[in-house]
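*Asks:* As input, take data33.cif (mmCIF, C-alpha atoms):
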```
data_upload
#
loop_
_atom_site.label_atom_id
_atom_site.label_comp_id
_atom_site.auth_asym_id
_atom_site.auth_seq_id
_atom_site.Cartn_x
_atom_site.Cartn_y
_atom_site.Cartn_z
CA MET R 1 28.13 -143.13 -83.01
CA ARG R 2 26.63 -145.40 -80.36
CA PRO R 3 28.04 -145.43 -76.81
CA LEU R 4 30.82 -147.87 -75.96
CA ARG R 5 29.41 -150.90 -74.08
CA VAL R 6 31.76 -152.11 -71.34
CA VAL R 7 31.57 -154.91 -68.75
CA HIS R 8 33.72 -154.89 -65.62
CA ILE R 9 34.33 -158.34 -64.10
CA VAL R 10 35.72 -158.97 -60.61
CA CYS R 11 35.24 -162.47 -59.17
CA THR R 12 34.80 -161.62 -55.49
CA ASP R 13 32.00 -160.73 -53.10
CA ALA R 14 34.17 -158.26 -51.19
CA PHE R 15 34.65 -154.50 -51.13
CA ALA R 16 38.31 -153.63 -50.75
CA GLY R 17 40.72 -151.68 -52.94
CA VAL R 18 40.12 -153.54 -56.21
CA GLU R 19 36.35 -153.47 -55.86
CA ARG R 20 36.51 -149.78 -54.98
CA TYR R 21 38.49 -149.24 -58.20
CA VAL R 22 35.78 -151.14 -60.16
CA LEU R 23 33.03 -149.03 -58.60
CA ASP R 24 34.76 -145.70 -59.27
CA SER R 25 35.79 -146.69 -62.79
CA ALA R 26 32.28 -147.86 -63.67
CA LEU R 27 30.70 -144.65 -62.41
CA ASN R 28 33.17 -142.44 -64.24
CA LEU R 29 33.02 -144.37 -67.52
CA THR R 30 29.23 -144.03 -67.30
CA ALA R 31 29.57 -140.29 -66.75
CA ALA R 32 31.81 -140.20 -69.83
CA GLY R 33 29.01 -141.67 -71.95
CA CYS R 34 29.67 -145.42 -71.85
CA VAL R 35 27.07 -148.07 -71.16
CA VAL R 36 28.57 -150.05 -68.26
CA VAL R 37 27.72 -153.35 -66.55
CA VAL R 38 29.50 -154.67 -63.44
CA VAL R 39 29.75 -158.39 -62.67
CA GLY R 40 31.00 -159.26 -59.17
CA GLY R 41 32.05 -157.49 -56.01
CA SER R 42 30.03 -156.80 -52.88
CA GLU R 43 26.32 -156.46 -53.58
CA SER R 44 25.71 -154.51 -50.35
CA SER R 45 28.44 -151.95 -51.11
CA MET R 46 28.24 -151.70 -54.89
CA ARG R 47 24.80 -152.42 -56.25
CA ALA R 48 22.93 -149.35 -54.95
CA PRO R 49 25.44 -146.66 -56.04
CA LEU R 50 25.86 -148.35 -59.42
CA GLU R 51 22.15 -148.64 -60.10
CA ARG R 52 21.55 -145.02 -59.08
CA ALA R 53 23.94 -144.09 -61.90
CA GLY R 54 22.23 -146.42 -64.37
CA VAL R 55 24.83 -149.20 -64.16
CA GLU R 56 23.54 -152.78 -64.02
CA TRP R 57 25.11 -155.02 -61.36
CA TYR R 58 25.21 -158.84 -61.45
CA SER R 59 26.64 -161.35 -58.99
CA GLY R 60 30.00 -162.86 -59.90
CA SER R 61 31.86 -164.05 -56.81
CA THR R 62 33.24 -167.12 -58.64
CA VAL R 63 34.20 -167.81 -62.24
CA SER R 64 31.13 -170.00 -62.76
CA THR R 65 28.80 -167.40 -61.19
CA ALA R 66 30.31 -164.66 -63.35
CA LEU R 67 29.89 -166.76 -66.50
CA ARG R 68 26.23 -167.39 -65.66
CA SER R 69 25.68 -163.65 -65.14
CA LEU R 70 27.46 -162.81 -68.38
CA ARG R 71 24.95 -164.96 -70.29
CA SER R 72 22.24 -162.53 -69.18
CA ILE R 73 23.74 -159.36 -70.64
CA ALA R 74 23.80 -157.85 -74.11
CA ARG R 75 26.97 -158.17 -76.16
CA PRO R 76 29.60 -155.67 -74.95
CA ASP R 77 32.30 -153.97 -76.98
CA ALA R 78 34.95 -154.82 -74.38
CA LEU R 79 35.41 -156.81 -71.18
CA ILE R 80 37.50 -155.27 -68.39
CA THR R 81 38.80 -157.87 -65.94
CA HIS R 82 40.30 -157.49 -62.48
CA MET R 83 42.51 -160.21 -60.98
CA THR R 84 43.15 -163.71 -62.28
CA LYS R 85 39.77 -165.37 -61.77
CA ALA R 86 38.07 -162.51 -63.59
CA ASP R 87 40.70 -162.76 -66.35
CA LEU R 88 39.66 -166.40 -66.81
CA ALA R 89 35.95 -165.57 -66.83
CA GLY R 90 36.56 -162.79 -69.33
CA VAL R 91 38.65 -164.93 -71.66
CA LEU R 92 36.06 -167.73 -71.58
CA ALA R 93 33.24 -165.28 -72.34
CA ALA R 94 35.14 -163.27 -74.96
CA ARG R 95 34.77 -165.80 -77.77
CA ARG R 96 30.98 -165.87 -77.49
CA PHE R 97 30.80 -162.08 -77.27
CA ARG R 98 33.50 -161.54 -79.93
CA ALA R 99 34.80 -158.80 -77.65
CA PRO R 100 38.39 -158.00 -76.55
CA VAL R 101 39.53 -158.43 -72.96
CA VAL R 102 41.43 -155.67 -71.15
CA SER R 103 43.01 -156.85 -67.90
CA ILE R 104 43.66 -154.34 -65.12
CA ARG R 105 46.73 -155.39 -63.13
CA HIS R 106 46.42 -154.24 -59.53
CA PHE R 107 49.24 -156.22 -57.92
CA ALA R 108 52.97 -156.40 -58.52
CA SER R 109 53.12 -160.12 -59.23
CA LYS R 110 52.78 -162.64 -62.02
CA ARG R 111 49.69 -164.79 -62.44
CA GLY R 112 49.74 -168.31 -61.02
CA SER R 113 50.97 -169.82 -57.76
CA SER R 114 51.44 -173.38 -59.13
CA ALA R 115 52.87 -174.91 -62.30
CA ALA R 116 49.40 -175.86 -63.54
CA PHE R 117 48.01 -172.40 -62.90
CA ARG R 118 51.01 -170.73 -64.54
CA LEU R 119 50.30 -172.83 -67.64
CA LEU R 120 46.68 -171.65 -67.56
CA ALA R 121 47.91 -168.07 -67.10
CA ARG R 122 50.06 -168.33 -70.24
CA TRP R 123 47.04 -169.62 -72.17
CA MET R 124 44.96 -166.67 -70.93
CA ALA R 125 47.69 -164.14 -71.70
CA GLY R 126 47.51 -164.94 -75.39
CA ARG R 127 43.79 -164.12 -75.37
CA ILE R 128 43.99 -160.78 -73.56
CA ALA R 129 44.06 -157.80 -75.91
CA ALA R 130 45.69 -155.30 -73.53
CA GLN R 131 46.82 -154.86 -69.96
CA ILE R 132 46.59 -151.74 -67.81
CA ALA R 133 48.83 -151.46 -64.75
CA ILE R 134 47.81 -149.09 -61.98
CA SER R 135 51.43 -147.99 -61.42
CA GLU R 136 54.95 -148.24 -62.82
CA TYR R 137 55.74 -150.56 -59.92
CA VAL R 138 52.98 -152.96 -60.93
CA ALA R 139 53.90 -152.77 -64.62
CA ALA R 140 57.50 -153.74 -63.83
CA ASN R 141 56.47 -156.85 -61.92
CA VAL R 142 53.63 -158.44 -63.92
CA ASP R 143 53.85 -160.95 -66.75
CA GLY R 144 53.50 -159.37 -70.17
CA ALA R 145 53.48 -155.77 -71.34
CA ALA R 146 51.19 -153.34 -69.56
CA THR R 147 50.31 -149.71 -70.14
CA VAL R 148 50.50 -147.61 -66.99
CA VAL R 149 47.36 -145.68 -66.14
CA HIS R 150 47.70 -144.32 -62.63
CA THR R 151 44.66 -144.75 -60.44
CA GLY R 152 42.91 -141.46 -59.85
CA VAL R 153 40.63 -140.24 -57.09
CA ALA R 154 38.13 -137.41 -56.94
CA ASP R 155 39.38 -134.04 -55.78
CA ALA R 156 38.29 -133.43 -52.21
CA THR R 157 36.71 -130.27 -50.84
CA ALA R 158 38.77 -127.88 -48.76
CA PRO R 159 39.72 -129.46 -45.42
CA ILE R 160 38.45 -128.15 -42.12
CA ALA R 161 40.42 -125.36 -40.51
CA GLU R 162 41.37 -127.26 -37.36
CA ARG R 163 42.44 -130.89 -37.46
CA GLU R 164 42.40 -133.17 -34.45
CA PRO R 165 45.55 -134.60 -32.84
CA PHE R 166 45.43 -138.15 -34.16
CA VAL R 167 47.25 -140.34 -36.66
CA LEU R 168 44.96 -142.37 -38.91
CA VAL R 169 45.56 -145.85 -40.32
CA ALA R 170 42.82 -147.03 -42.70
CA GLN R 171 43.20 -150.51 -44.19
CA ARG R 172 42.23 -154.15 -43.87
CA LEU R 173 43.73 -155.74 -40.76
CA GLU R 174 45.51 -158.55 -42.57
CA ALA R 175 49.14 -159.66 -42.43
CA GLU R 176 50.11 -158.15 -45.79
CA LYS R 177 49.07 -154.69 -44.58
CA PHE R 178 51.75 -154.47 -41.83
CA THR R 179 49.51 -152.69 -39.33
CA ASP R 180 51.82 -153.93 -36.56
CA VAL R 181 54.48 -151.53 -37.90
CA ALA R 182 52.14 -148.64 -37.14
CA LEU R 183 51.71 -149.85 -33.57
CA ARG R 184 55.41 -150.45 -32.98
CA ALA R 185 56.32 -147.06 -34.46
CA TRP R 186 53.67 -145.35 -32.36
CA ALA R 187 55.12 -146.97 -29.24
CA LEU R 188 58.47 -145.32 -30.03
CA VAL R 189 57.03 -141.81 -30.37
CA THR R 190 58.25 -140.13 -27.20
CA ASP R 191 55.73 -137.30 -26.84
CA ARG R 192 52.28 -138.67 -27.66
CA GLU R 193 50.13 -136.58 -25.32
CA PRO R 194 47.41 -135.60 -26.34
CA TRP R 195 47.73 -137.53 -29.63
CA MET R 196 45.99 -140.80 -30.53
CA LEU R 197 46.53 -143.49 -33.14
CA LYS R 198 43.19 -144.45 -34.72
CA VAL R 199 42.91 -147.64 -36.78
CA ALA R 200 39.97 -147.83 -39.19
CA GLY R 201 39.31 -151.25 -40.70
CA ASP R 202 38.72 -154.84 -39.75
CA GLY R 203 40.18 -158.22 -40.54
CA ALA R 204 41.63 -161.48 -39.29
CA ARG R 205 44.45 -159.82 -37.31
CA ARG R 206 42.35 -157.39 -35.29
CA ALA R 207 42.47 -159.33 -32.01
CA GLU R 208 46.22 -159.92 -32.41
CA LEU R 209 46.80 -156.23 -33.06
CA GLU R 210 44.69 -155.19 -30.08
CA ALA R 211 46.77 -157.54 -27.92
CA LEU R 212 49.97 -156.06 -29.36
CA SER R 213 48.86 -152.55 -28.40
CA GLN R 214 48.36 -153.82 -24.84
CA SER R 215 51.78 -155.49 -24.71
CA LEU R 216 53.46 -152.36 -26.07
CA GLY R 217 51.84 -150.27 -23.35
CA ILE R 218 50.04 -147.96 -25.78
CA ALA R 219 46.47 -149.22 -25.55
CA ASP R 220 45.35 -145.99 -23.90
CA THR R 221 46.47 -144.02 -26.97
CA VAL R 222 45.22 -146.45 -29.66
CA GLU R 223 41.62 -146.74 -30.82
CA PHE R 224 40.42 -149.53 -33.10
CA LEU R 225 37.45 -148.10 -35.00
CA GLY R 226 36.42 -151.19 -36.98
CA PHE R 227 35.01 -150.87 -40.48
CA ARG R 228 34.13 -147.26 -41.29
CA ALA R 229 32.19 -145.95 -44.25
CA ASP R 230 33.25 -142.36 -43.48
CA VAL R 231 37.01 -142.64 -44.04
CA GLY R 232 36.97 -139.39 -46.03
CA THR R 233 35.61 -137.54 -43.01
CA LEU R 234 38.26 -139.16 -40.82
CA MET R 235 40.94 -138.00 -43.26
CA ASP R 236 39.66 -134.43 -43.01
CA ARG R 237 39.88 -134.62 -39.22
CA ALA R 238 43.20 -136.49 -38.95
CA SER R 239 46.48 -134.61 -38.66
CA ILE R 240 48.57 -137.46 -40.17
CA PHE R 241 47.83 -140.54 -42.29
CA PHE R 242 50.10 -143.57 -41.83
CA ALA R 243 50.61 -146.12 -44.65
CA PRO R 244 52.92 -149.00 -43.64
CA THR R 245 52.32 -151.48 -46.49
CA PRO R 246 55.56 -151.99 -48.49
CA ARG R 247 53.99 -153.74 -51.53
CA GLU R 248 51.03 -151.47 -52.23
CA GLY R 249 50.28 -151.40 -55.96
CA LEU R 250 49.53 -147.69 -55.61
CA GLY R 251 47.06 -147.30 -52.73
CA ILE R 252 43.67 -145.66 -53.09
CA ALA R 253 43.63 -144.72 -49.40
CA VAL R 254 46.95 -142.90 -49.75
CA LEU R 255 45.70 -141.05 -52.83
CA GLU R 256 42.55 -140.04 -50.95
CA ALA R 257 44.61 -138.81 -48.00
CA MET R 258 46.61 -136.71 -50.46
CA ALA R 259 43.35 -135.35 -51.92
CA HIS R 260 42.20 -134.42 -48.42
CA GLU R 261 45.48 -132.55 -47.80
CA THR R 262 46.33 -134.97 -45.00
CA PRO R 263 50.09 -135.39 -44.42
CA VAL R 264 51.14 -138.98 -45.22
CA VAL R 265 53.88 -141.06 -43.61
CA ALA R 266 54.47 -144.07 -45.87
CA ALA R 267 56.78 -147.03 -46.39
CA ARG R 268 59.49 -146.18 -48.91
CA ALA R 269 58.55 -148.91 -51.37
CA GLY R 270 56.06 -150.08 -53.97
CA GLY R 271 53.54 -147.66 -55.40
CA HIS R 272 54.15 -145.22 -52.54
CA LEU R 273 57.31 -144.11 -54.33
CA GLU R 274 55.17 -142.85 -57.22
CA SER R 275 52.51 -141.15 -55.09
CA VAL R 276 53.87 -139.79 -51.80
CA GLY R 277 57.44 -140.23 -52.95
CA SER R 278 56.95 -137.88 -55.90
CA VAL R 279 56.66 -134.92 -53.50
CA PRO R 280 59.88 -133.22 -52.27
CA ASP R 281 60.87 -134.10 -48.69
CA ALA R 282 58.20 -136.80 -48.42
CA ALA R 283 57.82 -138.39 -45.00
CA MET R 284 58.87 -141.96 -45.76
CA PHE R 285 60.64 -144.82 -43.98
CA GLU R 286 62.32 -148.07 -44.93
CA PRO R 287 59.78 -150.91 -44.84
CA GLY R 288 59.55 -152.42 -41.39
CA ASP R 289 61.89 -149.84 -39.82
CA ASP R 290 59.91 -148.91 -36.72
CA SER R 291 62.49 -146.36 -35.54
CA GLU R 292 62.58 -144.43 -38.81
CA ALA R 293 58.77 -144.51 -38.99
CA ALA R 294 58.59 -143.15 -35.45
CA ALA R 295 61.05 -140.38 -36.31
CA GLN R 296 58.90 -139.30 -39.26
CA LEU R 297 55.80 -139.29 -37.07
CA GLU R 298 57.57 -137.29 -34.35
CA ARG R 299 58.75 -134.72 -36.90
CA LEU R 300 55.20 -134.08 -38.09
CA VAL R 301 53.58 -134.31 -34.66
CA ALA R 302 55.92 -131.56 -33.45
CA ASP R 303 55.40 -129.09 -36.31
CA SER R 304 51.91 -127.98 -37.39
CA ARG R 305 53.31 -125.63 -40.02
CA GLU R 306 55.24 -128.45 -41.68
CA ARG R 307 52.12 -130.60 -41.62
CA ARG R 308 50.14 -127.88 -43.41
CA ASN R 309 52.80 -127.26 -46.07
CA TYR R 310 53.39 -130.96 -46.67
CA GLY R 311 49.66 -131.65 -46.89
CA ARG R 312 49.23 -128.92 -49.50
CA SER R 313 52.08 -130.31 -51.59
CA LEU R 314 50.49 -133.75 -51.51
CA ARG R 315 47.13 -132.33 -52.52
CA GLU R 316 48.62 -130.44 -55.47
CA ARG R 317 50.38 -133.62 -56.62
CA GLN R 318 47.18 -135.67 -56.42
CA ARG R 319 45.28 -133.14 -58.48
CA ASP R 320 48.02 -133.02 -61.08
CA ALA R 321 48.88 -136.72 -61.45
CA PHE R 322 46.30 -138.91 -59.71
CA ASN R 323 42.92 -137.52 -60.69
CA ILE R 324 39.93 -139.53 -61.88
CA ARG R 325 39.56 -137.45 -65.05
CA ASP R 326 42.92 -138.52 -66.44
CA GLN R 327 42.38 -142.14 -65.41
CA THR R 328 39.03 -142.25 -67.21
CA ALA R 329 40.35 -140.54 -70.34
CA ARG R 330 43.39 -142.84 -70.63
CA THR R 331 41.27 -145.95 -70.00
CA LEU R 332 38.85 -144.86 -72.71
CA GLU R 333 41.73 -144.39 -75.16
CA ILE R 334 42.89 -147.97 -74.56
CA LEU R 335 39.37 -149.38 -74.81
CA GLN R 336 38.77 -147.56 -78.08
CA SER R 337 42.07 -148.82 -79.48
CA VAL R 338 41.33 -152.50 -78.77
CA VAL R 339 37.72 -152.21 -79.97
CA THR R 340 38.89 -150.60 -83.22
CA THR R 341 41.58 -153.21 -83.90
CA LYS R 342 39.74 -156.37 -82.81
#
```
If you took the structure in this file and wrote it as structure tokens, what would it be?
*Replies:*
Amino acid sequence: MRPLRVVHIVCTDAFAGVERYVLDSALNLTAAGCVVVVVGGSESSMRAPLERAGVEWYSGSTVSTALRSLRSIARPDALITHMTKADLAGVLAARRFRAPVVSIRHFASKRGSSAAFRLLARWMAGRIAAQIAISEYVAANVDGAATVVHTGVADATAPIAEREPFVLVAQRLEAEKFTDVALRAWALVTDREPWMLKVAGDGARRAELEALSQSLGIADTVEFLGFRADVGTLMDRASIFFAPTPREGLGIAVLEAMAHETPVVAARAGGHLESVGSVPDAAMFEPGDDSEAAAQLERLVADSRERRNYGRSLRERQRDAFNIRDQTARTLEILQSVVTTK
């Protein structure tokens, strides 16, 4: 039996959570014996690791660019699309390839922000063979039926014996990520010495957030690290990971913090309820509630034993429910089912 040929399509030139999912999925499907091609995403972040694993990468930042790239590849057995533009590119290419489209739904929202686009979305929906949602939360909020396959991450090595006294935030500095909640909560923590809040990531709101830390009087205990390629190392060193986003589909960074045995304080909403929230006595707060967030931080800052026990519980949960092996196996089952029935 020949290997399953799969094409991932993501119509961006970025490298954020969705593109990270594409990269990890492509590498693990390849390791499972598939022949994989990736169209789209950041060339600088994705091409080299993909090609080292034998995965071809093609540009695909727009629908038209993706369609041009797709003309260059051999006929796949299935097209896996990520986000609406890629769904469109996949549906347009599917007829020529005579291959089914499987759409991965990363966000808890329906396709289309205008009447015209919603009409186009309905047309596309009838041409998509299956949908995979990364969480129950996403599945409950998208248009059409979706099978839940929780995102998985690789198991991390044993953490270092001594962690450093800092809280880590690692995310894009954009409005939808609610980084300001982390700053406001940190300002309410009464006993910060010698702790720091370290913010890894960049984005349009960085200057505004730096100004906010000044106005809150906490600039001396906040460090903006900018984009970091070593977030895993930071998670091993950090004593707490803070996740303020209330509408996270699931959150790869949170799953990785769990894998690194790093205690997580998270908004009590969205995909966090399925990840962090599935652990007893999880450190969570109502979205936007700075005081409750601060109280959760203070509780963990004050008790190293609780941090260790909580971190171990999170790690055990990640290994049981959010591992890359299960994600790959379940994705393969769905791909095989649509290829068999096409």
*Asks:* Once you count all atoms listed in the file, which residues end up no further than 12 Å from (20.1, -161.9, -67.9) in the file's frame, shown as a ChimeraX atom specification?
*Replies:* /R:37,39,56-59,66-75
*Asks:* What is the CA of Gly249 in chain R to CA of Tyr137 in chain R distance in Å?
*Replies:*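 Distance reported for this atom pair: 6.8 Å.
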*Asks:* Measuring atom to atom with all atoms listed in the file, identify which of R:Asp236, R:Glu19, R:Asp180, R:Asp77 is nearest to Gln336 in chain R.
*Replies:*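 The closest residue to Gln336 in chain R is R:Asp77.
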*Asks:* Any idea what's packed within 10 Å of Gly232 in chain R, counting all atoms listed in the file, ignoring anything in its chain fewer than 6 positions away? Could you give it as a PyMOL selection string?
*Replies:* chain R and resi 156+238+253+256-257+259-260
*Asks:* Quick one: everything within 6 Å of Val6 in chain R, counting only C-alpha atoms, minus sequence neighbours fewer than 3 positions away in the same chain. Send it as a tab-separated table (two decimals) with C-alpha atoms, keeping the file's coordinate frame.
*Replies:*
```tsv
chain	number	residue	atom	x	y	z
R	36	VAL	CA	28.57	-150.05	-68.26
R	76	PRO	CA	29.60	-155.67	-74.95
R	77	ASP	CA	32.30	-153.97	-76.98
R	78	ALA	CA	34.95	-154.82	-74.38
R	79	LEU	CA	35.41	-156.81	-71.18
```
*Asks:* Using all atoms listed in the file, which residues sit within 6 Å of range 285-296 of chain R once same-chain residues fewer than 3 positions away are excluded, as an MDAnalysis selection string?
*Replies:* chainID R and resid 185 188:189 246 267:268 299
*Asks:* Leaving out range 309-316 of chain R and any residue of its chain fewer than 6 positions from it, which residues lie within 10 Å of it when counting only C-alpha atoms, given as a list in words?
*Replies:*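 Within the cut-off, the hits are Asp155, Ala156, Ser239, Ile240, Val254, Leu255, Glu256, Ala257, Met258, Ala259, His260, Glu261, Thr262, Pro263, Val264, Ser275, Val276, Gly277, Ser278, Val279, Pro280, Asp281, Ala282, Ala283, Leu300 and Phe322 of chain R.
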*Asks:* Which is closer to Leu27 in chain R than all the others in R:His8, R:Val55, R:Phe178, R:Ser44, using all atoms listed in the file?
*Replies:* R:Val55
*Asks:* From the list R:Ala48, R:Val142, R:Ala207, R:Leu273, which residue is nearest Ile104 in chain R when using all atoms listed in the file?
*Replies:*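 So, comparing all the options, the nearest one is R:Val142.
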*Asks:* What does the PyMOL selection byres ((chain R and resi 63) around 8) select in this file, as a compact mmCIF listing (two decimals) with C-alpha atoms, keeping the file's coordinate frame?
*Replies:*
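Resulting contents of expr37.txt:
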```
# COMPACT_ATOMS: atom_id res chain seq x y z
CA CYS R 11 35.24 -162.47 -59.17
CA GLY R 60 30.00 -162.86 -59.90
CA SER R 61 31.86 -164.05 -56.81
CA THR R 62 33.24 -167.12 -58.64
CA SER R 64 31.13 -170.00 -62.76
CA THR R 65 28.80 -167.40 -61.19
CA ALA R 66 30.31 -164.66 -63.35
CA LEU R 67 29.89 -166.76 -66.50
CA LYS R 85 39.77 -165.37 -61.77
CA ALA R 86 38.07 -162.51 -63.59
CA LEU R 88 39.66 -166.40 -66.81
CA ALA R 89 35.95 -165.57 -66.83
```
